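J.: My structure is below; once you've seen it, I'll send some questions.
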Amino acid sequence: MTQHHAAGTRRRSTSLRASFTAAPNGKNGTARTTSLVTGGAGFIGGHLVEHLLAQGHHVIAIDNLSTGNPATVERIDHPEFQFAHGSILDEPLVDELVSQVDQVFHLAAAVGVQLVIAESFESLRTNVRGTEIILESARRHGARSLIASTSEVYGKNAACPLSETTDRILGSPAVRRWSYAQAKALDETMAYLYHTDLNSPTVVARLFNVAGPRQTGRYGMVIPRFVGQALRGEPLTVFGGGQQTRSFCHVLDVVAALAALIDSPAAYGQVFNIGRPQEVSIRYLAERVITLTDSLSTIQDIPYDEAYGPGFEDTERRVPDVTRAREVIGFDPQLTLDDIIMNVVAEQREHMLALEPVSIEAVPATDRVEAEYVG
Ligand SMILES: NC(=O)c1ccc[n+]([C@@H]2O[C@H](COP(=O)([O-])OP(=O)(O)OC[C@H]3O[C@@H](n4cnc5c(N)ncnc54)[C@H](O)[C@@H]3O)[C@@H](O)[C@H]2O)c1
C-alpha cells in the first residue's frame, strides 16, 4: 500500500473505527487466509465479513458506501478486520488491496433499478468495469475470486426450477431495467473466460432472493417492508395479485455457501445457483408475516399498473435448482422462511423507535420494482 492511497483511504474513512493498514499476513505466509470482500459494508457483504472472521480469516473490506451502511463495518470491532473506504473503480487502490490477499469475494455492485435508471452509465461502469478491474487484479496477483451474480440474469424465464444452464429471456436492451441483468451476465462470462483462457481461478454464485437481518427497508425490499407494515398495524401492500412466487434464502446460509464455494477447487470455472428452493407466493408471505407478528393488519391488493406504472413486466416464478451446489459443496440451507421473518421481526422490534418509517407511496415506482423483484 503506497502512502498516497493509504492516506487517501484514511481521509475518506475518518468516521470509521477500522482504518486501512497493511495486512499482517501476506498471501504466501501462514495458513491463515486473507480475504478481500468488495461491498463489505452492504447487506450480504457485512454478514460475509463476520462469517470469515469467525472462521479465523483475516479480512479486508472495500466499499464506497453508496448503498452500504457505515454502521455495518463500524460495529465489527475485530483485530483481523480492516476497512478501506473507496471504489472498486479506483484501480490502483484495488490493486494494492488485492496484492495482499489470497481470495476476493466480489459483491460490490450498483444494485437497484432506481439506481440503474437514475445513474445508468455509472451503474453499468460499476457492474461491468468494476468487475473487470477485480478479475484482472486477481489474475495479476494470483488470487482466486468469487463473483456475485443474480437470478435476475434469467430475466422473464419462468421455468421451474431454474438450473444454471436454463436459457435467459430478457426484454429489449433499450429498456434500462434490464441493464443490471445484462451487466451481471457479462460479469459471469468474464469470470468464466478468466478461468478458462487466462488460468485465473474464478467461481460465480448466482444468488436468488436473499433476506435476513440488516437488509434495508429503504427500497421496500419485500420482507422488511411487510414486517414493518405488520408491526405498525398498516395494511400489507401486495402488488400484482400476489400469486407470483419467490424463494427466499437466509443470508447466513448464503454467506456460508459463498465461503464454501471459494474453498472448493472443484467449483472453479462454474456457476452455482444459491438459494432456497422453497417456493412461496407473495400473498402467502404476507399472510405468514401477519401470523408470526400477531398483527391485526390486513392485506391490500395493488395492481401492477398502479404500483409500477403501465407496461410493467414481472417474472411469475423464480425457483432455483441447487443440485450443482448440493453436489459440490453440500449446500443445504438450514434456515427457513419463518426463521428469516422472525429474525427480521426481532431486529425491527429492537430498532422500531429509531427506524424511520418508510412510506411505500413515497418510494418511486422504479425503486419498488427493484425492491421486491430484482436481486
Ligand atoms: N440481496 C439479494 O437478494 C441479492 C440477490 C442477487 C444478487 N445479489 C448480489 O449480491 C451482491 C450484494 O448485494 P446486497 O444485497 O448486499 O446489496 P448492497 O447494496 O447492500 O451491497 C452492495 C455494496 O456495494 C457497495 N458499492 C457499490 N458500488 C461500489 C463501488 N463502486 N465501489 C465499492 N463499493 C461499492 C455499496 O455501497 C454496497 O455496500 C451484489 O453484487 C448483488 O448484485 C444480491
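Note on naming: chains are A, B, ... as they come in the C-alpha cells, residues start from 1 per chain, ligands start from 1 in the order shown.
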Check every protein, DNA and RNA residue against ligand 1, keep those with an atom at most 7 Å away (counting only C-alpha atoms and all ligand atoms), and present them as a PDB file with N, CA and C atoms, in the first residue's frame.
T.:
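Final output, part-v4.pdb:
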```
ATOM      1  N   THR A  38     -15.389  -7.143  -1.485  1.00  0.00           N
ATOM      2  CA  THR A  38     -15.852  -5.872  -2.060  1.00  0.00           C
ATOM      3  C   THR A  38     -17.336  -5.735  -1.715  1.00  0.00           C
ATOM      4  N   GLY A  39     -17.756  -4.513  -1.438  1.00  0.00           N
ATOM      5  CA  GLY A  39     -19.140  -4.324  -0.983  1.00  0.00           C
ATOM      6  C   GLY A  39     -19.313  -4.825   0.447  1.00  0.00           C
ATOM      7  N   GLY A  40     -18.236  -4.738   1.230  1.00  0.00           N
ATOM      8  CA  GLY A  40     -18.235  -5.289   2.593  1.00  0.00           C
ATOM      9  C   GLY A  40     -19.121  -4.541   3.571  1.00  0.00           C
ATOM     10  N   ALA A  41     -19.578  -3.339   3.197  1.00  0.00           N
ATOM     11  CA  ALA A  41     -20.500  -2.611   4.082  1.00  0.00           C
ATOM     12  C   ALA A  41     -21.945  -2.837   3.661  1.00  0.00           C
ATOM     13  N   GLY A  42     -22.149  -3.698   2.677  1.00  0.00           N
ATOM     14  CA  GLY A  42     -23.503  -3.976   2.207  1.00  0.00           C
ATOM     15  C   GLY A  42     -24.180  -5.050   3.039  1.00  0.00           C
ATOM     16  N   PHE A  43     -25.399  -5.368   2.671  1.00  0.00           N
ATOM     17  CA  PHE A  43     -26.206  -6.354   3.403  1.00  0.00           C
ATOM     18  C   PHE A  43     -25.508  -7.721   3.436  1.00  0.00           C
ATOM     19  N   ILE A  44     -25.249  -8.302   2.273  1.00  0.00           N
ATOM     20  CA  ILE A  44     -24.625  -9.627   2.247  1.00  0.00           C
ATOM     21  C   ILE A  44     -23.146  -9.515   2.624  1.00  0.00           C
ATOM     22  N   GLY A  45     -22.471  -8.481   2.120  1.00  0.00           N
ATOM     23  CA  GLY A  45     -21.039  -8.312   2.385  1.00  0.00           C
ATOM     24  C   GLY A  45     -20.729  -8.230   3.872  1.00  0.00           C
ATOM     25  N   ILE A  62     -13.683  -3.508   1.152  1.00  0.00           N
ATOM     26  CA  ILE A  62     -13.706  -2.211   0.441  1.00  0.00           C
ATOM     27  C   ILE A  62     -15.149  -1.892   0.103  1.00  0.00           C
ATOM     28  N   ASP A  63     -15.505  -0.631   0.300  1.00  0.00           N
ATOM     29  CA  ASP A  63     -16.876  -0.197  -0.009  1.00  0.00           C
ATOM     30  C   ASP A  63     -16.865   1.319  -0.159  1.00  0.00           C
ATOM     31  N   ASN A  64     -17.626   1.818  -1.124  1.00  0.00           N
ATOM     32  CA  ASN A  64     -17.714   3.278  -1.274  1.00  0.00           C
ATOM     33  C   ASN A  64     -18.923   3.853  -0.542  1.00  0.00           C
ATOM     34  N   LEU A  65     -19.639   2.990   0.162  1.00  0.00           N
ATOM     35  CA  LEU A  65     -20.794   3.377   0.991  1.00  0.00           C
ATOM     36  C   LEU A  65     -21.906   4.040   0.173  1.00  0.00           C
ATOM     37  N   SER A  66     -21.994   3.718  -1.092  1.00  0.00           N
ATOM     38  CA  SER A  66     -23.055   4.318  -1.911  1.00  0.00           C
ATOM     39  C   SER A  66     -24.417   3.785  -1.486  1.00  0.00           C
ATOM     40  N   THR A  67     -24.557   2.467  -1.327  1.00  0.00           N
ATOM     41  CA  THR A  67     -25.783   1.907  -0.738  1.00  0.00           C
ATOM     42  C   THR A  67     -25.479   1.167   0.557  1.00  0.00           C
ATOM     43  N   GLY A  68     -24.203   0.984   0.843  1.00  0.00           N
ATOM     44  CA  GLY A  68     -23.810   0.289   2.066  1.00  0.00           C
ATOM     45  C   GLY A  68     -24.007   1.166   3.289  1.00  0.00           C
ATOM     46  N   ASN A  69     -23.981   0.520   4.442  1.00  0.00           N
ATOM     47  CA  ASN A  69     -24.243   1.223   5.691  1.00  0.00           C
ATOM     48  C   ASN A  69     -22.953   1.300   6.512  1.00  0.00           C
ATOM     49  N   GLY A  86     -13.476   3.178  -0.297  1.00  0.00           N
ATOM     50  CA  GLY A  86     -13.066   3.566  -1.643  1.00  0.00           C
ATOM     51  C   GLY A  86     -13.857   2.780  -2.664  1.00  0.00           C
ATOM     52  N   SER A  87     -13.568   3.090  -3.923  1.00  0.00           N
ATOM     53  CA  SER A  87     -14.340   2.483  -5.006  1.00  0.00           C
ATOM     54  C   SER A  87     -13.564   1.364  -5.697  1.00  0.00           C
ATOM     55  N   ILE A  88     -14.306   0.370  -6.148  1.00  0.00           N
ATOM     56  CA  ILE A  88     -13.685  -0.697  -6.937  1.00  0.00           C
ATOM     57  C   ILE A  88     -13.256  -0.178  -8.310  1.00  0.00           C
ATOM     58  N   LEU A  89     -13.698   1.039  -8.650  1.00  0.00           N
ATOM     59  CA  LEU A  89     -13.252   1.634  -9.912  1.00  0.00           C
ATOM     60  C   LEU A  89     -11.905   2.335  -9.748  1.00  0.00           C
ATOM     61  N   LEU A 107     -18.620  -8.598  -4.232  1.00  0.00           N
ATOM     62  CA  LEU A 107     -20.050  -8.361  -4.015  1.00  0.00           C
ATOM     63  C   LEU A 107     -20.452  -6.927  -4.337  1.00  0.00           C
ATOM     64  N   ALA A 108     -19.471  -6.031  -4.447  1.00  0.00           N
ATOM     65  CA  ALA A 108     -19.823  -4.621  -4.692  1.00  0.00           C
ATOM     66  C   ALA A 108     -20.538  -4.500  -6.023  1.00  0.00           C
ATOM     67  N   ALA A 109     -21.631  -3.779  -6.036  1.00  0.00           N
ATOM     68  CA  ALA A 109     -22.385  -3.588  -7.265  1.00  0.00           C
ATOM     69  C   ALA A 109     -23.343  -2.433  -7.085  1.00  0.00           C
ATOM     70  N   ALA A 110     -23.704  -1.825  -8.208  1.00  0.00           N
ATOM     71  CA  ALA A 110     -24.808  -0.873  -8.194  1.00  0.00           C
ATOM     72  C   ALA A 110     -26.069  -1.716  -8.263  1.00  0.00           C
ATOM     73  N   VAL A 111     -26.765  -1.823  -7.140  1.00  0.00           N
ATOM     74  CA  VAL A 111     -27.907  -2.723  -7.018  1.00  0.00           C
ATOM     75  C   VAL A 111     -29.180  -1.892  -6.974  1.00  0.00           C
ATOM     76  N   THR A 126     -19.822   0.479 -12.888  1.00  0.00           N
ATOM     77  CA  THR A 126     -19.537  -0.241 -11.644  1.00  0.00           C
ATOM     78  C   THR A 126     -19.693  -1.746 -11.862  1.00  0.00           C
ATOM     79  N   GLY A 130     -16.065  -2.397 -13.052  1.00  0.00           N
ATOM     80  CA  GLY A 130     -15.626  -2.737 -11.689  1.00  0.00           C
ATOM     81  C   GLY A 130     -15.261  -4.201 -11.588  1.00  0.00           C
ATOM     82  N   ALA A 148     -20.282 -12.368  -7.378  1.00  0.00           N
ATOM     83  CA  ALA A 148     -21.710 -12.490  -7.037  1.00  0.00           C
ATOM     84  C   ALA A 148     -22.558 -12.076  -8.229  1.00  0.00           C
ATOM     85  N   SER A 149     -23.324 -13.027  -8.739  1.00  0.00           N
ATOM     86  CA  SER A 149     -24.274 -12.716  -9.804  1.00  0.00           C
ATOM     87  C   SER A 149     -25.693 -12.815  -9.221  1.00  0.00           C
ATOM     88  N   THR A 150     -26.671 -12.887 -10.074  1.00  0.00           N
ATOM     89  CA  THR A 150     -28.052 -12.779  -9.612  1.00  0.00           C
ATOM     90  C   THR A 150     -28.999 -13.621 -10.468  1.00  0.00           C
ATOM     91  N   SER A 151     -30.067 -14.088  -9.862  1.00  0.00           N
ATOM     92  CA  SER A 151     -31.103 -14.814 -10.612  1.00  0.00           C
ATOM     93  C   SER A 151     -31.786 -13.892 -11.614  1.00  0.00           C
ATOM     94  N   ARG A 206     -24.714 -17.441  -8.351  1.00  0.00           N
ATOM     95  CA  ARG A 206     -25.902 -16.773  -8.874  1.00  0.00           C
ATOM     96  C   ARG A 206     -26.939 -16.777  -7.743  1.00  0.00           C
ATOM     97  N   LEU A 207     -27.072 -15.633  -7.095  1.00  0.00           N
ATOM     98  CA  LEU A 207     -27.906 -15.554  -5.893  1.00  0.00           C
ATOM     99  C   LEU A 207     -29.369 -15.303  -6.237  1.00  0.00           C
ATOM    100  N   PHE A 208     -30.247 -16.079  -5.615  1.00  0.00           N
ATOM    101  CA  PHE A 208     -31.683 -15.827  -5.684  1.00  0.00           C
ATOM    102  C   PHE A 208     -32.033 -14.890  -4.522  1.00  0.00           C
ATOM    103  N   ASN A 209     -33.319 -14.708  -4.213  1.00  0.00           N
ATOM    104  CA  ASN A 209     -33.644 -13.708  -3.195  1.00  0.00           C
ATOM    105  C   ASN A 209     -32.997 -14.035  -1.854  1.00  0.00           C
ATOM    106  N   VAL A 210     -32.193 -13.116  -1.387  1.00  0.00           N
ATOM    107  CA  VAL A 210     -31.510 -13.265  -0.101  1.00  0.00           C
ATOM    108  C   VAL A 210     -32.225 -12.347   0.887  1.00  0.00           C
ATOM    109  N   ALA A 211     -32.425 -12.824   2.094  1.00  0.00           N
ATOM    110  CA  ALA A 211     -33.133 -11.992   3.079  1.00  0.00           C
ATOM    111  C   ALA A 211     -32.580 -12.285   4.463  1.00  0.00           C
ATOM    112  N   GLY A 375     -33.012  -8.892  -7.677  1.00  0.00           N
ATOM    113  CA  GLY A 375     -31.976  -9.111  -6.659  1.00  0.00           C
ATOM    114  C   GLY A 375     -30.634  -8.601  -7.091  1.00  0.00           C
TER     115      GLY A 375
END
```
J.: What lies within 6 Å of segment 315-319 of chain A using only C-alpha atoms, ignoring chain neighbours under 5 positions off, as a list of chain:residue names?
T.: A:Lys156, A:Ala158, A:Cys160, A:Pro161, A:Leu162, A:Gln244, A:Thr245, A:Arg246, A:Ser247, A:Pro277
J.: With a distance cut-off of 8 Å and only C-alpha atoms, select the neighbouring residues of Arg168 of chain A, excluding the residue or stretch itself and same-chain residues fewer than 2 positions from it, and output the selection as a list in words.
T.: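 With the cut-off at 8 Å, the set is Val153, Tyr154, Gly155, Lys156, Asn157, Thr166 and Leu170 of chain A.
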J.: Compare A:Val59, A:Pro173, A:Ile223, A:Glu152 by their minimum atom-to-atom distance to Ile282 of chain A, counting only C-alpha atoms, and give me the closest one.
T.: A:Ile223
J.: Which of these residues is nearest to Ile341 of chain A, using only C-alpha atoms: A:Val227, A:Ala183, A:Ala71, A:Leu296?
T.: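 Answer, going by the shortest atom-to-atom distance: A:Val227.
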J.: Run DSSP on the backbone of this structure and report the residues of segment 146-352 of chain A it assigns to strand (DSSP E), as a ChimeraX atom specification.
T.: /A:146-150,202-207,210-211,236-239,245-247,249-250,271-274,279-281,299-302
